[in-house]
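Q: Enclosed is the structure file protein23.cif (mmCIF, C-alpha atoms).
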data_structure
loop_
_atom_site.label_atom_id
_atom_site.label_comp_id
_atom_site.auth_asym_id
_atom_site.auth_seq_id
_atom_site.Cartn_x
_atom_site.Cartn_y
_atom_site.Cartn_z
CA GLY A 9 21.78 8.59 35.86
CA ALA A 10 20.28 6.19 33.37
CA VAL A 11 22.25 3.07 32.53
CA VAL A 12 22.61 1.28 29.23
CA SER A 13 24.13 -2.17 29.33
CA GLN A 14 25.83 -3.54 26.24
CA HIS A 15 26.92 -7.15 25.95
CA PRO A 16 29.35 -8.62 25.19
CA SER A 17 32.10 -6.09 25.70
CA TRP A 18 34.52 -8.01 23.51
CA VAL A 19 34.02 -10.80 21.05
CA ILE A 20 36.36 -12.68 18.75
CA CYS A 21 34.85 -14.80 16.00
CA LYS A 22 35.84 -16.68 12.89
CA SER A 23 35.15 -15.29 9.47
CA GLY A 24 31.75 -16.37 8.19
CA THR A 25 30.07 -16.68 11.57
CA SER A 26 27.38 -14.39 13.01
CA VAL A 27 27.65 -12.34 16.15
CA LYS A 28 24.82 -10.86 18.21
CA ILE A 29 25.29 -7.77 20.36
CA GLU A 30 22.69 -6.80 22.96
CA CYS A 31 21.82 -3.32 24.17
CA ARG A 32 19.59 -2.91 27.21
CA SER A 33 18.24 0.15 28.96
CA LEU A 34 18.26 -0.86 32.61
CA ASP A 35 16.18 1.77 34.37
CA PHE A 36 14.21 3.51 31.67
CA GLN A 37 12.18 2.69 28.59
CA ALA A 38 13.57 3.48 25.18
CA THR A 39 11.37 3.41 22.09
CA THR A 40 14.39 4.51 20.10
CA MET A 41 17.90 3.11 20.23
CA PHE A 42 20.83 3.88 17.97
CA TRP A 43 23.72 1.77 16.73
CA TYR A 44 27.06 3.32 15.93
CA ARG A 45 30.35 2.10 14.59
CA GLN A 46 33.61 3.65 15.66
CA PHE A 47 36.91 3.14 13.91
CA PRO A 48 40.18 3.67 15.80
CA LYS A 49 40.73 7.31 16.70
CA GLN A 50 37.68 8.38 14.73
CA SER A 51 34.25 9.63 15.53
CA LEU A 52 31.06 7.63 15.79
CA MET A 53 29.29 6.76 12.58
CA LEU A 54 25.57 6.24 12.92
CA MET A 55 24.62 2.92 11.37
CA ALA A 56 20.92 2.70 12.12
CA THR A 57 18.07 3.86 14.26
CA SER A 58 16.23 1.08 16.03
CA ASN A 59 12.54 1.59 16.70
CA GLU A 60 10.61 -0.61 19.12
CA GLY A 61 8.07 -2.75 17.33
CA SER A 62 9.02 -1.65 13.81
CA LYS A 63 11.78 -1.96 11.26
CA ALA A 64 15.05 -0.19 11.83
CA THR A 65 16.05 2.80 9.72
CA TYR A 66 19.49 2.34 8.19
CA GLU A 67 21.90 5.07 7.17
CA GLN A 68 23.05 5.29 3.61
CA GLY A 69 25.73 2.76 2.82
CA VAL A 70 24.89 0.39 5.68
CA GLU A 71 23.82 -3.06 4.49
CA LYS A 72 20.51 -4.07 6.03
CA ASP A 73 21.08 -7.77 5.42
CA LYS A 74 24.54 -7.59 6.92
CA PHE A 75 23.61 -5.78 10.11
CA LEU A 76 20.30 -7.12 11.38
CA ILE A 77 18.59 -5.06 14.05
CA ASN A 78 15.75 -6.21 16.26
CA HIS A 79 14.04 -4.01 18.85
CA ALA A 80 11.46 -6.33 20.34
CA SER A 81 10.87 -4.56 23.62
CA LEU A 82 11.15 -1.12 25.18
CA THR A 83 14.39 -2.08 26.89
CA LEU A 84 16.23 -4.31 24.42
CA SER A 85 17.70 -3.90 20.96
CA THR A 86 20.03 -6.37 19.30
CA LEU A 87 22.50 -6.00 16.44
CA THR A 88 23.50 -9.15 14.60
CA VAL A 89 26.52 -9.00 12.33
CA THR A 90 25.85 -11.77 9.84
CA SER A 91 28.59 -13.69 8.04
CA ALA A 92 31.23 -11.52 9.64
CA HIS A 93 34.45 -10.77 7.81
CA PRO A 94 37.68 -9.13 8.99
CA GLU A 95 36.58 -5.77 7.58
CA ASP A 96 33.65 -5.84 10.04
CA SER A 97 36.11 -5.68 12.94
CA SER A 98 35.36 -2.50 14.80
CA PHE A 99 33.99 -0.97 17.99
CA TYR A 100 30.19 -1.00 18.01
CA ILE A 101 28.32 1.29 20.39
CA CYS A 102 24.63 1.51 21.14
CA SER A 103 22.69 4.32 22.72
CA ALA A 104 19.16 4.57 24.05
CA ARG A 105 17.07 7.69 24.08
CA ASP A 106 15.19 8.41 27.24
CA GLN A 107 11.68 8.95 25.92
CA THR A 108 10.74 11.15 28.84
CA SER A 109 13.34 13.75 27.97
CA GLY A 110 11.07 15.85 25.77
CA ILE A 111 11.47 17.40 22.35
CA TYR A 112 14.49 19.57 23.02
CA GLN A 113 16.40 17.37 25.41
CA ASN A 114 17.25 14.25 23.36
CA ILE A 115 19.26 12.71 26.13
CA GLN A 116 20.94 9.63 24.78
CA TYR A 117 22.69 7.22 27.11
CA PHE A 118 25.45 5.10 25.70
CA GLY A 119 26.54 1.56 26.26
CA ALA A 120 30.19 0.79 26.96
CA GLY A 121 30.66 -0.62 23.48
CA THR A 122 31.52 -3.98 21.97
CA ARG A 123 34.86 -4.63 20.39
CA LEU A 124 34.43 -7.13 17.55
CA SER A 125 37.46 -8.89 16.12
CA VAL A 126 36.87 -11.16 13.14
CA LEU A 127 39.70 -13.56 12.38
CA GLY B 12 22.95 19.20 6.26
CA ASN B 13 24.02 19.23 9.87
CA SER B 14 27.68 19.04 10.77
CA VAL B 15 30.01 19.58 13.71
CA THR B 16 33.61 20.73 13.43
CA GLN B 17 35.93 20.19 16.34
CA MET B 18 39.43 21.33 17.09
CA GLU B 19 41.84 18.65 15.99
CA GLY B 20 43.90 16.93 18.60
CA PRO B 21 45.69 15.57 20.27
CA VAL B 22 45.87 18.14 23.03
CA THR B 23 48.45 17.71 25.77
CA LEU B 24 48.36 19.87 28.89
CA SER B 25 49.98 19.96 32.28
CA GLU B 26 47.83 19.47 35.36
CA GLU B 27 46.01 22.65 36.46
CA ALA B 28 46.31 24.22 33.00
CA PHE B 29 43.36 25.92 31.30
CA LEU B 30 41.54 23.91 28.66
CA THR B 31 39.64 25.06 25.59
CA ILE B 32 38.36 22.71 22.92
CA ASN B 33 36.71 24.55 20.07
CA CYS B 34 33.49 23.35 18.48
CA THR B 35 31.44 24.99 15.75
CA TYR B 36 28.35 23.67 14.06
CA THR B 37 26.18 23.98 10.98
CA ALA B 38 22.53 23.17 11.38
CA THR B 39 19.07 24.08 10.27
CA GLY B 40 16.62 25.18 12.89
CA TYR B 41 17.57 25.29 16.55
CA PRO B 42 19.64 22.26 17.52
CA SER B 43 20.50 21.12 21.01
CA LEU B 44 24.24 20.91 21.68
CA PHE B 45 26.17 18.39 23.71
CA TRP B 46 29.62 17.45 24.89
CA TYR B 47 30.31 13.78 25.45
CA VAL B 48 33.43 12.25 27.01
CA GLN B 49 34.87 8.82 26.24
CA TYR B 50 37.37 7.30 28.63
CA PRO B 51 39.69 4.56 27.32
CA GLY B 52 37.84 1.36 26.52
CA GLU B 53 34.47 2.78 27.49
CA GLY B 54 31.37 4.14 25.80
CA LEU B 55 30.41 7.79 25.70
CA GLN B 56 29.13 9.66 28.71
CA LEU B 57 27.16 12.87 28.54
CA LEU B 58 29.29 15.64 30.01
CA LEU B 59 27.02 18.66 29.53
CA LYS B 60 24.35 20.06 27.26
CA ALA B 61 22.58 23.23 26.19
CA THR B 62 19.25 23.42 24.46
CA LYS B 63 18.92 27.06 23.42
CA ALA B 64 20.97 30.12 22.60
CA ASP B 65 22.96 31.61 25.49
CA ASP B 66 22.41 28.54 27.66
CA LYS B 67 25.50 27.48 29.59
CA GLY B 68 26.00 23.81 30.28
CA SER B 69 28.28 22.85 33.14
CA ASN B 70 29.43 19.72 34.90
CA LYS B 71 32.54 18.57 36.80
CA GLY B 72 34.19 21.96 36.29
CA PHE B 73 33.62 21.94 32.53
CA GLU B 74 31.54 24.64 30.88
CA ALA B 75 30.26 25.44 27.41
CA THR B 76 27.99 28.25 26.21
CA TYR B 77 25.61 27.95 23.25
CA ARG B 78 26.55 30.89 20.99
CA LYS B 79 24.09 31.14 18.14
CA GLU B 80 25.73 34.24 16.64
CA THR B 81 29.03 32.40 16.17
CA THR B 82 27.46 28.90 15.91
CA SER B 83 29.88 27.70 18.55
CA PHE B 84 29.86 25.58 21.70
CA HIS B 85 33.44 25.66 22.98
CA LEU B 86 34.35 23.46 25.94
CA GLU B 87 36.38 25.04 28.76
CA LYS B 88 37.80 24.05 32.11
CA GLY B 89 39.83 26.29 34.34
CA SER B 90 42.12 23.66 35.84
CA VAL B 91 42.44 20.22 34.30
CA GLN B 92 43.36 17.07 36.17
CA VAL B 93 45.09 13.89 35.05
CA SER B 94 41.73 12.13 35.38
CA ASP B 95 40.31 14.38 32.65
CA SER B 96 42.41 12.56 30.06
CA ALA B 97 39.90 11.22 27.54
CA VAL B 98 38.41 11.86 24.13
CA TYR B 99 35.85 14.65 23.98
CA PHE B 100 33.10 14.77 21.38
CA CYS B 101 30.95 17.74 20.49
CA ALA B 102 27.52 16.81 19.12
CA LEU B 103 24.24 18.32 18.04
CA SER B 104 20.79 16.96 17.75
CA ARG B 105 18.27 17.98 15.15
CA SER B 106 15.32 19.86 16.45
CA SER B 107 12.92 18.22 14.01
CA GLY B 108 12.00 14.64 13.36
CA SER B 109 11.04 12.01 15.86
CA ALA B 110 14.38 10.20 16.00
CA ARG B 111 16.45 13.11 17.28
CA GLN B 112 19.65 11.68 15.90
CA LEU B 113 22.99 12.97 17.10
CA THR B 114 25.66 14.27 14.77
CA PHE B 115 29.14 14.04 16.25
CA GLY B 116 32.34 15.92 15.69
CA SER B 117 35.54 14.00 15.06
CA GLY B 118 36.60 13.97 18.70
CA THR B 119 39.55 15.59 20.47
CA GLN B 120 42.01 13.49 22.43
CA LEU B 121 43.08 15.21 25.64
CA THR B 122 46.08 14.05 27.66
CA VAL B 123 46.84 15.71 30.98
CA LEU B 124 50.31 15.18 32.38
CA PRO B 125 51.06 15.27 36.13
#
Translate the structure of the given file into structure tokens.
A:
Amino acid sequence: GAVVSQHPSWVICKSGTSVKIECRSLDFQATTMFWYRQFPKQSLMLMATSNEGSKATYEQGVEKDKFLINHASLTLSTLTVTSAHPEDSSFYICSARDQTSGIYQNIQYFGAGTRLSVL
Amino acid sequence: GNSVTQMEGPVTLSEEAFLTINCTYTATGYPSLFWYVQYPGEGLQLLLKATKADDKGSNKGFEATYRKETTSFHLEKGSVQVSDSAVYFCALSRSSGSARQLTFGSGTQLTVLP
């Protein structure tokens, strides 16, 4: 099946620094990628939809200036957590939609996630 | 709006027991339905899907049938194994709009004991 690589898998940073997380579709092209946040023992919360070559669409309540998303190519989207604080500590997961899957398929393939710990 | 309601966990079963995890949904139009599985420390993996009413998705011994009349997509497996221990998420995708975003249920933790 399709593979989505997410890097790094775990990052620890100091409060006030910025952290960049990469999401790559390895064997398919993805015009649309999604970024989620998952709190312990809870479901995934969609943060934003990343569109190749255009601005990301953020969900209500998600700070655009805090979580910068860049989708510069059909296989790469990045999420930068700017000026991170302890409350930003969480598990961040990306997914990429296989654009060949058709209207009713919507097959999304997920990365393994990035655990961010802000000290 | 769209929403997914899942059976609350955690669920603990003995090996070879029968598994049912209930999932119901609320959606406009005709959504596609999915079950994803998340093993410890990993991202989500698609387990099975169904795109229209009465479709049955199946994979690795798991099954779920898209029931439009009861707006349900319950996950079942006849004989669970220890390796099935994971968190299971029911999800739907909107049938309109170009983004095809997924809406997830809250997840159900399954533990299978030997």
Q: Got a sec to resolve the PyMOL selection byres ((chain B) within 6 of (chain A)) on this structure and send the residues as number ranges by chain?
A: B: 53-55, 117-118
Q: Could you tell me how far atom CA of Ala38 of chain A lies from atom CA of Pro51 of chain B, in Å and to one decimal?
A: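 Separating atom CA of Ala38 of chain A from atom CA of Pro51 of chain B is a distance of 26.2 Å.
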Q: Report as a ChimeraX atom specification the full result of the PyMOL selection byres ((chain A and resi 79-94) around 9) when it is applied to this structure.
A: /A:21-43,58-64,73-78,95-97,102,104,125-127
Q: So which residues fall inside 8 Å of (45.8, 14.7, 26.6) if we count only C-alpha atoms? Mind giving them as a tab-separated table (two decimals) with C-alpha atoms, in the frame of the given file?
A:
chain	number	residue	atom	x	y	z
B	21	PRO	CA	45.69	15.57	20.27
B	22	VAL	CA	45.87	18.14	23.03
B	23	THR	CA	48.45	17.71	25.77
B	24	LEU	CA	48.36	19.87	28.89
B	96	SER	CA	42.41	12.56	30.06
B	97	ALA	CA	39.90	11.22	27.54
B	120	GLN	CA	42.01	13.49	22.43
B	121	LEU	CA	43.08	15.21	25.64
B	122	THR	CA	46.08	14.05	27.66
B	123	VAL	CA	46.84	15.71	30.98
B	124	LEU	CA	50.31	15.18	32.38
Q: Given only C-alpha atoms as the basis, pick out the residue of B:Thr62, B:Asn70, B:Gln56, B:Ser94 nearest to Glu26 of chain B.
A: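 Going through B:Thr62, B:Asn70, B:Gln56, B:Ser94 one by one, the smallest distance to Glu26 of chain B is for B:Ser94.
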Q: List as a PyMOL selection string the protein and nucleic acid residues near segment 33-50 of chain B, meaning an atom at most 6 Å away when only C-alpha atoms are counted, but skip any in the same chain fewer than 4 places from it.
A: chain B and resi 13-18+54-62+82-85+97-106
Q: Mind pulling up the distance from atom CA of Phe73 of chain B to atom CA of Gly12 of chain B?
A: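 Distance between the two atoms: 28.5 Å.
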Q: Quick one: distance from atom CA of Val19 of chain A to atom CA of Ser98 of chain A in Å, one decimal?
A: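 The value is 10.5 Å.
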Q: For Gly72 of chain B, which of B:Gly20, B:Ser25, B:Gln92, B:Thr114 is the closest residue, counting only C-alpha atoms?
A: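 Looking at the shortest contact to Gly72 of chain B, the residue is B:Gln92.
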